[in-house]
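Visitor: Have a peek at query18.txt (compact mmCIF, C-alpha atoms).
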```
# COMPACT_ATOMS: atom_id res chain seq x y z
CA MET A 875 157.02 73.05 215.09
CA GLU A 876 156.84 69.63 213.81
CA ALA A 877 158.16 68.03 210.76
CA THR A 878 155.87 66.24 208.45
CA GLN A 879 156.29 63.58 205.88
CA SER A 880 153.92 62.07 203.47
CA PRO A 881 154.22 59.64 200.71
CA ALA A 882 153.32 60.77 197.28
CA VAL A 883 152.09 57.91 195.25
CA SER A 884 149.73 58.35 192.34
CA ALA A 885 147.05 55.68 192.39
CA SER A 886 146.65 55.70 188.63
CA THR A 887 150.08 54.16 188.14
CA LEU A 888 149.66 51.28 190.52
CA LYS A 889 149.24 47.89 188.98
CA ASN A 890 149.94 45.82 192.08
CA VAL A 891 148.40 47.31 195.19
CA ASN A 892 150.53 45.14 197.43
CA ASN A 893 153.61 46.90 196.07
CA PRO A 894 152.32 50.39 195.43
CA VAL A 895 155.51 51.80 193.98
CA GLN A 896 157.00 49.56 191.33
CA ARG A 897 158.54 52.09 188.99
CA ASN A 898 158.26 55.41 190.73
CA SER A 899 159.66 56.54 194.02
CA THR A 900 157.27 58.06 196.47
CA PHE A 901 157.77 61.59 197.68
CA LEU A 902 157.40 62.31 201.31
CA SER A 903 157.15 65.85 202.46
CA LEU A 904 157.89 66.60 206.06
CA THR A 905 157.66 69.55 208.29
CA ARG A 906 159.68 69.55 211.39
CA CYS A 907 160.21 71.62 214.47
CA SER A 908 163.26 73.74 215.00
CA THR A 909 166.32 71.77 215.87
CA LYS A 910 167.97 71.50 219.22
CA PRO A 911 171.59 70.29 219.42
CA ASN A 912 172.03 66.89 221.04
CA THR A 913 168.30 66.23 221.08
CA ASN A 914 167.80 62.64 222.11
CA THR A 915 165.56 61.51 219.25
CA ASN A 916 165.66 58.62 216.86
CA ASN A 917 166.49 58.68 213.19
CA GLU A 918 164.27 57.36 210.44
CA THR A 919 164.41 53.79 209.21
CA ASP A 920 166.95 53.06 206.51
CA GLN A 921 165.63 52.94 202.98
CA ASP A 922 167.39 49.71 202.04
CA SER A 923 167.09 47.72 205.23
CA THR A 924 164.69 46.96 208.01
CA PRO A 925 164.51 49.41 210.91
CA GLU A 926 167.03 49.07 213.67
CA SER A 927 165.86 48.37 217.19
CA ASN A 928 167.91 51.30 218.54
CA SER A 929 169.63 49.30 221.24
CA ASN A 930 168.69 49.68 224.86
CA GLN A 931 166.22 52.52 224.85
CA GLU A 932 163.39 51.00 222.87
CA PRO A 933 161.11 48.23 224.09
CA GLN A 934 160.73 44.96 222.22
CA TYR A 935 157.47 45.17 220.30
CA PRO A 936 155.58 42.20 218.91
CA SER A 937 155.85 42.15 215.12
CA THR A 938 152.38 40.82 214.29
CA PRO A 939 150.02 43.43 212.84
CA ILE A 940 146.85 44.01 214.81
CA SER A 941 143.44 45.30 213.85
CA SER A 942 142.58 48.81 214.92
CA ASN A 943 139.30 47.42 216.20
CA ASP A 944 141.08 45.01 218.52
CA SER A 945 143.71 47.40 219.81
CA LEU A 946 141.72 49.99 221.68
CA PRO A 947 143.20 50.87 225.07
CA SER A 948 141.35 50.05 228.25
CA ASN A 949 140.11 53.65 228.42
CA SER A 950 138.58 53.48 224.95
CA LEU A 951 135.20 54.97 224.26
CA PRO A 952 132.30 53.08 225.82
CA SER A 953 129.56 53.07 223.23
CA GLN A 954 128.94 53.23 219.51
CA SER A 955 126.93 56.42 219.85
CA LEU A 956 129.81 58.24 221.53
CA SER A 957 132.40 56.92 219.06
CA ARG A 958 130.41 57.75 215.94
CA GLY A 959 132.79 58.39 213.05
CA LEU A 960 135.85 57.04 214.83
CA VAL A 961 137.78 54.63 212.59
CA PHE A 962 141.25 54.69 214.17
CA ASP A 963 141.96 55.03 217.87
CA LEU A 964 145.12 55.22 219.97
CA GLY A 965 147.42 52.24 219.85
CA PRO A 966 147.52 49.57 222.59
CA SER A 967 149.48 50.19 225.76
CA ASN A 968 153.26 50.42 225.33
CA SER A 969 153.03 50.91 221.58
CA TRP A 970 154.71 53.77 219.73
CA ASP A 971 151.35 55.55 219.23
CA ASP A 972 149.48 54.94 222.49
CA LYS A 973 149.57 58.59 223.63
CA GLU A 974 148.58 60.65 220.59
CA ILE A 975 147.74 60.18 216.91
CA GLY A 976 146.79 62.55 214.10
CA SER A 977 147.73 64.10 210.74
CA PRO A 978 146.13 61.36 208.60
CA VAL A 979 147.28 61.13 204.99
CA VAL A 980 145.05 58.56 203.31
CA LYS A 981 145.49 57.09 199.84
CA ARG A 982 143.36 54.54 198.01
CA PHE A 983 144.89 52.15 195.47
CA LEU A 984 142.80 50.11 193.05
CA SER A 985 143.65 47.07 190.94
CA ASP A 986 141.58 44.54 189.01
CA GLU A 987 141.65 42.18 191.97
CA GLU A 988 141.25 44.36 195.04
CA GLU A 989 141.42 47.78 196.63
CA ARG A 990 144.02 48.73 199.20
CA TRP A 991 144.12 51.71 201.51
CA TYR A 992 147.21 53.24 203.08
CA MET A 993 147.22 55.75 205.92
CA TRP A 994 150.31 57.56 207.13
CA TYR A 995 149.88 59.36 210.43
CA HIS A 996 151.90 60.77 213.32
CA GLY A 997 151.98 59.18 216.74
CA ASN A 998 153.54 59.59 220.15
CA SER A 999 154.24 57.18 223.00
CA THR A 1000 153.56 57.39 226.72
CA GLN A 1001 156.70 55.36 227.45
CA ASN A 1002 159.12 58.24 227.07
CA ALA A 1003 158.07 61.56 228.56
CA GLY A 1004 158.66 64.37 226.11
CA SER A 1005 159.48 61.97 223.31
CA ALA A 1006 159.29 63.23 219.73
CA ASP A 1007 156.56 62.31 217.29
CA SER A 1008 157.07 59.54 214.77
CA ILE A 1009 155.29 58.58 211.55
CA GLY A 1010 153.53 55.27 211.06
CA LEU A 1011 151.66 53.34 208.39
CA ALA A 1012 148.36 51.47 208.68
CA VAL A 1013 146.64 49.54 205.87
CA SER A 1014 143.06 48.60 205.11
CA SER A 1015 140.94 46.86 202.49
CA ASN A 1016 138.05 49.31 202.82
CA GLY A 1017 139.39 52.48 204.44
CA ILE A 1018 137.46 51.80 207.64
CA HIS A 1019 138.95 48.77 209.39
CA TRP A 1020 142.70 49.23 209.68
CA GLU A 1021 145.68 47.01 210.45
CA ARG A 1022 148.41 48.67 212.48
CA GLY A 1023 151.72 47.75 214.05
CA VAL A 1024 152.83 48.38 217.60
CA GLY A 1025 156.51 48.75 216.65
CA PRO A 1026 158.77 49.58 213.69
CA VAL A 1027 158.00 48.08 210.29
CA SER A 1028 160.13 44.99 209.85
CA SER A 1029 159.27 43.83 206.31
CA SER A 1030 158.29 45.16 202.89
CA GLY A 1031 154.66 44.36 203.62
CA GLY A 1032 154.62 45.35 207.27
CA VAL A 1033 152.74 48.06 209.15
CA GLY A 1034 153.74 50.23 212.06
CA LEU A 1035 156.35 52.91 212.68
CA VAL A 1036 158.12 53.95 209.48
CA MET A 1037 160.05 57.13 210.30
CA LYS A 1038 161.55 58.89 213.29
CA CYS A 1039 163.13 62.26 213.93
CA SER A 1040 166.63 62.98 212.76
CA GLN A 1041 169.60 62.57 215.09
CA ASP A 1042 171.72 65.13 213.26
CA TRP A 1043 172.06 68.10 215.60
CA TRP A 1044 172.05 70.59 212.72
CA ALA A 1045 168.95 69.22 211.02
CA PHE A 1046 165.55 70.92 211.02
CA ASP A 1047 163.64 67.78 212.04
CA THR A 1048 165.07 66.70 215.39
CA THR A 1049 162.01 67.55 217.45
CA SER A 1050 158.98 66.41 215.49
CA ILE A 1051 157.92 65.03 212.12
CA ARG A 1052 154.52 64.60 210.58
CA PRO A 1053 153.20 63.25 207.30
CA CYS A 1054 152.54 65.89 204.70
CA SER A 1055 152.41 65.05 201.07
CA GLU A 1056 151.82 62.52 198.45
CA LYS A 1057 153.72 61.45 195.45
CA VAL A 1058 153.48 62.72 192.02
CA ASP A 1059 152.98 60.41 189.18
CA TYR A 1060 153.72 61.98 185.86
CA THR A 1061 150.32 61.47 184.35
CA ASP A 1062 147.70 64.14 183.94
CA ASP A 1063 144.72 62.34 185.46
CA ASP A 1064 145.65 62.17 189.10
CA SER A 1065 146.35 64.63 191.85
CA LEU A 1066 148.89 64.69 194.58
CA GLU A 1067 148.24 65.59 198.10
CA PHE A 1068 150.92 66.94 200.32
CA ARG A 1069 150.30 66.89 203.98
CA LEU A 1070 152.04 68.66 206.81
CA GLU A 1071 150.78 70.55 209.74
CA ASN A 1072 151.65 73.07 212.34
CA PRO A 1073 152.01 70.84 215.36
CA GLU A 1074 148.77 70.28 217.13
CA THR A 1075 150.60 71.01 220.37
CA PHE A 1076 150.77 74.63 219.21
CA CYS A 1077 148.09 76.88 220.69
CA LEU A 1078 147.49 80.49 221.55
CA ASP A 1079 146.72 81.29 225.16
CA ASN A 1080 145.38 84.73 224.30
CA VAL A 1081 143.37 83.99 221.19
CA ASN A 1082 140.81 86.71 221.69
CA SER A 1083 143.40 89.42 222.12
CA GLY A 1084 145.46 88.23 219.19
CA ASP A 1085 148.63 88.13 221.28
CA VAL A 1086 151.12 85.51 220.24
CA ASP A 1087 153.46 83.99 222.77
CA LYS A 1088 156.47 83.38 220.57
CA GLY A 1089 157.95 81.11 223.17
CA LYS A 1090 155.22 78.62 222.44
CA ILE A 1091 155.68 78.55 218.68
CA LEU A 1092 158.23 76.05 217.43
CA LYS A 1093 159.66 76.94 214.05
CA SER A 1094 158.76 74.30 211.49
CA LEU A 1095 160.00 73.92 207.93
CA PRO A 1096 159.08 71.63 205.02
CA GLY A 1097 161.30 68.69 204.12
CA LEU A 1098 161.42 65.84 201.66
CA ALA A 1099 161.89 62.09 201.95
CA MET A 1100 161.57 59.35 199.33
CA SER A 1101 160.54 55.72 199.44
CA GLN A 1102 160.11 52.77 197.10
CA ASP A 1103 157.48 51.02 199.20
CA GLY A 1104 155.92 53.65 201.47
CA ARG A 1105 157.60 52.01 204.47
CA HIS A 1106 161.34 52.70 204.29
CA TRP A 1107 162.18 56.35 203.80
CA ALA A 1108 165.35 58.25 202.90
CA ARG A 1109 165.65 61.97 203.57
CA ILE A 1110 166.52 64.22 200.64
CA GLU A 1111 168.29 67.38 201.74
CA GLY A 1112 167.08 70.70 200.42
CA GLU A 1113 169.17 73.81 199.83
CA HIS A 1114 168.48 75.30 203.26
CA HIS A 1115 171.40 74.85 205.69
CA SER A 1116 169.21 72.64 207.89
CA GLY A 1117 168.24 70.34 205.03
CA ALA A 1118 164.76 71.86 204.68
CA LEU A 1119 163.30 72.71 201.27
CA PHE A 1120 162.98 76.42 202.03
CA ASP A 1121 162.94 78.88 204.89
CA VAL A 1122 160.37 81.15 206.49
CA GLY A 1123 159.73 84.59 205.07
CA SER A 1124 161.48 87.79 206.14
CA GLU A 1125 160.45 89.69 209.25
CA ARG A 1126 157.45 91.53 207.80
CA GLU A 1127 156.20 88.78 205.51
CA TRP A 1128 153.05 86.80 206.40
CA ASP A 1129 154.96 83.50 206.79
CA SER A 1130 157.87 84.76 208.89
CA MET A 1131 157.07 82.57 211.93
CA PHE A 1132 156.95 79.04 210.49
CA ILE A 1133 156.08 76.95 207.43
CA ALA A 1134 153.60 74.23 208.33
CA GLY A 1135 150.99 71.83 207.02
CA PRO A 1136 152.39 71.52 203.48
CA ARG A 1137 150.34 69.62 200.91
CA VAL A 1138 151.48 69.08 197.35
CA VAL A 1139 149.29 68.73 194.29
CA PHE A 1140 150.60 67.49 190.95
CA HIS A 1141 149.08 69.63 188.21
CA GLY A 1142 151.16 68.44 185.27
CA ASN A 1143 154.69 67.70 184.14
CA SER A 1144 157.07 70.06 185.95
CA ASP A 1145 154.22 71.73 187.83
CA LEU A 1146 153.94 70.99 191.54
CA ARG A 1147 151.95 73.19 193.93
CA MET A 1148 152.60 73.18 197.67
CA TYR A 1149 149.96 74.55 200.02
CA TYR A 1150 151.10 75.44 203.54
CA HIS A 1151 150.06 77.63 206.45
CA SER A 1152 151.65 80.12 208.79
CA PHE A 1153 150.66 82.84 211.25
CA ASP A 1154 150.67 86.46 210.13
CA VAL A 1155 151.68 88.66 213.06
CA GLU A 1156 150.48 91.80 211.28
CA SER A 1157 146.91 90.60 210.77
CA GLY A 1158 146.79 88.33 213.82
CA GLN A 1159 145.44 85.47 211.71
CA PHE A 1160 146.50 82.12 210.36
CA GLY A 1161 146.69 81.93 206.58
CA ILE A 1162 147.30 79.45 203.78
CA GLY A 1163 149.83 80.15 201.04
CA ILE A 1164 151.17 78.46 197.94
CA ALA A 1165 154.59 77.67 196.50
CA ARG A 1166 155.42 76.18 193.10
CA SER A 1167 158.15 73.84 191.84
CA ARG A 1168 159.31 72.04 188.71
CA ASP A 1169 161.16 69.23 190.44
CA GLY A 1170 159.80 69.00 194.00
CA ILE A 1171 163.07 70.27 195.47
CA ASN A 1172 163.40 73.90 194.38
CA TRP A 1173 160.37 75.99 195.32
CA MET A 1174 159.16 79.53 194.62
CA LYS A 1175 156.61 81.12 196.95
CA LEU A 1176 153.61 82.74 195.29
CA GLY A 1177 152.01 84.27 198.36
CA ARG A 1178 149.00 83.86 200.62
CA ILE A 1179 145.72 82.68 199.10
CA ILE A 1180 143.36 82.35 202.11
CA GLY A 1181 143.24 84.27 205.38
CA GLY A 1182 140.64 84.72 208.10
CA GLY A 1183 136.91 84.49 207.46
CA LYS A 1184 134.01 86.75 208.37
CA THR A 1185 133.46 88.11 211.87
CA SER A 1186 132.04 85.43 214.20
CA SER A 1187 132.55 82.73 211.57
CA PHE A 1188 134.06 79.31 212.26
CA ASP A 1189 137.33 80.49 210.63
CA GLU A 1190 137.46 84.11 211.75
CA PHE A 1191 140.93 83.59 213.22
CA GLY A 1192 142.26 81.94 210.07
CA ALA A 1193 142.77 78.72 208.14
CA ILE A 1194 145.40 76.00 208.62
CA ASN A 1195 146.21 72.42 207.57
CA ALA A 1196 144.96 72.61 204.00
CA CYS A 1197 144.36 69.46 201.96
CA VAL A 1198 143.95 70.20 198.25
CA VAL A 1199 142.54 67.67 195.79
CA ARG A 1200 141.93 68.03 192.09
CA ASN A 1201 138.39 66.91 191.31
CA LYS A 1202 138.66 64.18 188.70
CA LYS A 1203 135.23 64.99 187.28
CA ASP A 1204 135.39 68.73 186.62
CA GLY A 1205 139.10 69.55 187.03
CA LYS A 1206 138.50 72.12 189.76
CA TYR A 1207 140.45 72.15 192.99
CA LEU A 1208 138.85 71.51 196.36
CA MET A 1209 140.57 72.58 199.55
CA ALA A 1210 139.52 71.15 202.89
CA TYR A 1211 141.06 73.13 205.72
CA GLU A 1212 140.95 73.52 209.49
CA GLY A 1213 139.25 76.75 210.47
CA VAL A 1214 140.19 78.52 213.71
CA ALA A 1215 137.42 80.52 215.39
CA ALA A 1216 137.98 83.54 217.63
CA ASP A 1217 137.51 81.34 220.70
CA GLY A 1218 140.01 78.77 219.41
CA LYS A 1219 137.41 76.20 218.34
CA ARG A 1220 138.46 74.06 215.38
CA SER A 1221 136.14 73.04 212.53
CA ILE A 1222 136.61 71.97 208.91
CA GLY A 1223 135.74 74.20 205.98
CA LEU A 1224 135.95 73.94 202.21
CA ALA A 1225 137.20 76.27 199.45
CA VAL A 1226 137.26 75.91 195.66
CA SER A 1227 139.43 77.26 192.83
CA PRO A 1228 139.28 76.77 189.05
CA ASP A 1229 143.03 76.31 188.67
CA GLY A 1230 144.42 75.74 192.16
CA LEU A 1231 146.56 78.87 192.00
CA LYS A 1232 144.28 81.87 192.49
CA ASP A 1233 140.66 82.89 192.84
CA TRP A 1234 140.11 80.69 195.86
CA ARG A 1235 136.69 81.23 197.40
CA ARG A 1236 135.08 79.64 200.39
CA PHE A 1237 132.51 77.08 199.38
CA GLN A 1238 130.12 78.46 201.99
CA ASP A 1239 130.19 80.49 205.19
CA GLU A 1240 129.50 77.47 207.41
CA ALA A 1241 131.83 74.61 208.26
CA VAL A 1242 131.25 71.29 206.50
CA LEU A 1243 132.15 69.38 209.69
CA GLU A 1244 132.08 70.62 213.29
CA ALA A 1245 132.94 69.10 216.65
CA SER A 1246 130.38 66.61 217.89
CA VAL A 1247 128.01 67.49 220.69
CA LYS A 1248 127.90 66.37 224.32
CA ASP A 1249 130.27 63.49 225.11
CA GLY A 1250 131.30 62.45 221.60
CA TRP A 1251 134.88 61.32 221.10
CA ASP A 1252 135.58 64.46 219.00
CA ASN A 1253 133.53 67.01 220.96
CA LYS A 1254 136.44 69.44 221.51
CA GLY A 1255 137.41 70.02 217.91
CA VAL A 1256 138.04 68.55 214.46
CA GLY A 1257 140.83 69.33 211.98
CA SER A 1258 143.75 68.04 209.89
CA PRO A 1259 141.38 67.05 207.06
CA CYS A 1260 142.28 64.63 204.27
CA LEU A 1261 139.89 64.38 201.30
CA VAL A 1262 139.56 61.20 199.23
CA GLN A 1263 137.40 61.13 196.10
CA MET A 1264 135.78 57.74 195.61
CA ASP A 1265 135.82 56.12 192.17
CA GLY A 1266 133.49 53.54 190.70
CA GLU A 1267 129.99 52.72 191.86
CA VAL A 1268 129.94 55.09 194.84
CA ASP A 1269 129.83 58.75 193.89
CA GLU A 1270 130.97 60.39 197.12
CA TRP A 1271 133.84 61.96 198.99
CA ARG A 1272 135.41 60.71 202.18
CA LEU A 1273 136.81 63.11 204.73
CA TYR A 1274 139.37 61.73 207.17
CA TYR A 1275 140.20 63.99 210.08
CA ARG A 1276 141.76 64.28 213.52
CA GLY A 1277 139.29 64.65 216.34
CA VAL A 1278 139.97 65.71 219.92
CA GLY A 1279 137.72 64.86 222.86
CA ASN A 1280 137.62 65.10 226.62
CA GLY A 1281 141.01 65.30 228.27
CA GLY A 1282 142.69 66.04 224.93
CA ARG A 1283 142.32 62.45 223.79
CA ALA A 1284 142.81 62.26 219.99
CA GLY A 1285 141.63 59.84 217.34
CA ILE A 1286 141.13 59.68 213.58
CA GLY A 1287 137.62 59.82 212.21
CA MET A 1288 135.86 59.58 208.87
CA ALA A 1289 132.87 61.41 207.43
CA ILE A 1290 131.20 60.99 204.05
CA SER A 1291 129.45 63.37 201.68
CA GLN A 1292 125.88 63.09 200.45
CA GLY A 1293 126.79 61.75 197.05
CA ASN A 1294 128.86 64.29 195.17
CA ASP A 1295 127.50 67.15 197.31
CA VAL A 1296 130.31 68.45 199.49
CA SER A 1297 128.30 71.12 201.28
CA SER A 1298 128.19 68.93 204.38
CA PHE A 1299 129.62 65.67 205.64
CA ARG A 1300 128.10 63.16 208.07
CA ARG A 1301 130.14 60.93 210.33
CA TRP A 1302 130.37 57.35 209.24
CA THR A 1303 128.04 55.02 211.12
CA GLY A 1304 128.18 51.81 209.07
CA PHE A 1305 128.32 50.33 205.62
CA HIS A 1306 125.56 51.02 203.10
CA LEU A 1307 123.22 48.04 202.76
```
Kindly return the structure encoded in the file as structure tokens.
Guide:
Amino acid sequence: MEATQSPAVSASTLKNVNNPVQRNSTFLSLTRCSTKPNTNTNNETDQDSTPESNSNQEPQYPSTPISSNDSLPSNSLPSQSLSRGLVFDLGPSNSWDDKEIGSPVVKRFLSDEEERWYMWYHGNSTQNAGSADSIGLAVSSNGIHWERGVGPVSSSGGVGLVMKCSQDWWAFDTTSIRPCSEKVDYTDDDSLEFRLENPETFCLDNVNSGDVDKGKILKSLPGLAMSQDGRHWARIEGEHHSGALFDVGSEREWDSMFIAGPRVVFHGNSDLRMYYHSFDVESGQFGIGIARSRDGINWMKLGRIIGGGKTSSFDEFGAINACVVRNKKDGKYLMAYEGVAADGKRSIGLAVSPDGLKDWRRFQDEAVLEASVKDGWDNKGVGSPCLVQMDGEVDEWRLYYRGVGNGGRAGIGMAISQGNDVSSFRRWTGFHL
């Protein structure tokens, strides 16, 4: 599987949005695929210096940030109607993310002067066949129009590639990494999101029969990295021999195949909750479980909390890629997740819990966001949700997600709720007038 990393920065502590972490380090949780000795992948950027160019194998990228609106490849979508909801497309040709993007982890920072949005996401390049995923950072002033970089971040205020796979042969993250979590600020009025996902390259050929081809499942585990600026990351080794935070379950446990899609929520001092998914061979379904920690390093599993839905439902085959957010208005926990139907179709559903630990119930039987119809850019499936609760004058939720269209082309989209009603989301079509 893939490794994932995500910054964990609590917006409530930010005083200067241009330097989001002044006093607190950010946590980045990663999930990575199983390691392969001598894998030819690149290491992450150093925490205290600018990224290295990695000698002869990497191209020379221009360092000037570019707008996501100006960087669409020549095969970008032709019309506004077909690209409805799309806010972040593939990078320009020869960039580090011109082949695939996904796993958005979006965070909004507010100050008295301005608002600033950060999005960490995974990307892949067409330049090197079979190359591993990397993690990048894009920034925005409104969460819709994004600035990106075509190469590694080169300054404290830069955008672009921020982390690569490990080069240590024994490590758990030599094959793939993806953003997963968000940082915990030790205040009681903000929530943390932890984001990781079972690699989107993972699929079941025999979905209807429930057969699992183990040769196509890469073992992923959760990891941790820290940063002072959200751009330069240092890995923190866990107790597992590979450096991961913890291992899969034993042979007959529901999470014995992999640990993927971790998201972390900060509930209070010394109370972190990690939500992750795996595939239960016994039931033939994906499921979401929870683990708990006092320090973000040592974790105790508490078990599975959500499995497959009703027969013929959008999530009959299970739930993956959970994003859990603590509602600032009523204190309840909302979980957006990717539902897997019996035919493999991916949609986004919602669940709610009073305390984030137990008593999770589906918000409704229907998905809150489905693949678009006809020739839309995301007509093959939607998933990897990231919820953002808006503060201030606008009482609504934003839902960022990964969409897949014709030919497997991926992009990142945004949908908004009808006010505070989260029973359905509509794809963004323009600013409110």
Visitor: Show me, as a PyMOL selection string, the residues that have an atom within 7 Å of A:Ile975 when counting only C-alpha atoms, minus same-chain residues fewer than 5 positions from it.
Guide: chain A and resi 964+995-998+1284-1285
Visitor: How many Å separate atom CA of A:Trp994 from atom CA of A:Leu1176?
Guide: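 Interatomic distance here is 28.0 Å.
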Visitor: Considering only C-alpha atoms, can you say which of A:Ser1298, A:Ser1167, A:Ser967, A:Asn1016 comes closest to A:Leu1224?
Guide: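 Closest candidate: A:Ser1298.
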Visitor: Calculate how many Å separate atom CA of A:Ile1133 from atom CA of A:Leu1095, rounding to one decimal.
Guide: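 Pair atom CA of A:Ile1133 / atom CA of A:Leu1095 returns 5.0 Å.
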Visitor: Using all atoms listed in the file, determine which residues lie at most 10 Å from A:Gly1192, disregarding the query and same-chain residues fewer than 6 positions distant; provide the list as JSON, numbers by chain.
Guide: {"A": [1151, 1152, 1153, 1154, 1157, 1158, 1159, 1160, 1161, 1162, 1180, 1181, 1182, 1183, 1184, 1211, 1212, 1213, 1214, 1215, 1216]}
Visitor: Hey, what's within 8 Å of A:Met1209 if we count all atoms listed in the file and toss same-chain stuff fewer than 4 positions away? As a list of chain:residue names, please?
Guide: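 The filter keeps A:Ala1196, A:Cys1197, A:Val1198, A:Val1199, A:Leu1224, A:Ala1225, A:Val1226.
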Visitor: Could you give me, as a PDB file with C-alpha atoms, in the frame of the given file, the residues within 6 Å of stretch 1118-1128 of chain A, counting only C-alpha atoms and dropping anything in the same chain fewer than 4 positions from it?
Guide:
```
ATOM      1  CA  PRO A1096     159.080  71.630 205.020  1.00  0.00           C
ATOM      2  CA  GLY A1097     161.300  68.690 204.120  1.00  0.00           C
ATOM      3  CA  GLY A1112     167.080  70.700 200.420  1.00  0.00           C
ATOM      4  CA  HIS A1114     168.480  75.300 203.260  1.00  0.00           C
ATOM      5  CA  PHE A1132     156.950  79.040 210.490  1.00  0.00           C
ATOM      6  CA  ASP A1154     150.670  86.460 210.130  1.00  0.00           C
TER       7      ASP A1154
END
```
Visitor: Figure out the distance between atom CA of A:Gly1218 and atom CA of A:Asp1189, please, to one decimal in Å.
Guide: 9.3 Å
Visitor: Pick the closest to A:Ile1009 from A:Leu1208, A:Ile1051, A:Val979, A:Leu1273: which is it, counting only C-alpha atoms?
Guide: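 Nearest candidate to A:Ile1009 out of A:Leu1208, A:Ile1051, A:Val979, A:Leu1273: A:Ile1051.
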Visitor: Taking into account all atoms listed in the file, which residue in the set A:Leu1231, A:Ile1194, A:Met1100, A:Ala1012 is nearest to A:His1141?
Guide: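 Using all atoms listed in the file, the shortest distance to A:His1141 belongs to A:Leu1231.
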Visitor: Find the residues near A:Val1027: any atom within 7 Å, counting all atoms listed in the file, skip ones fewer than 5 places away on the same chain, and give them as a list in words.
Guide: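 Final neighbour list, sorted by chain and number: Pro925, Gly1032, Val1033, Gly1034, Leu1035 and Val1036 of chain A.
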Visitor: Using only C-alpha atoms, can you tell me which of A:Gly976, A:Pro966, A:Pro1259, A:Gly1135 comes closest to A:Val1278?
Guide: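 Of the candidates, the smallest distance to A:Val1278 is held by A:Gly976.
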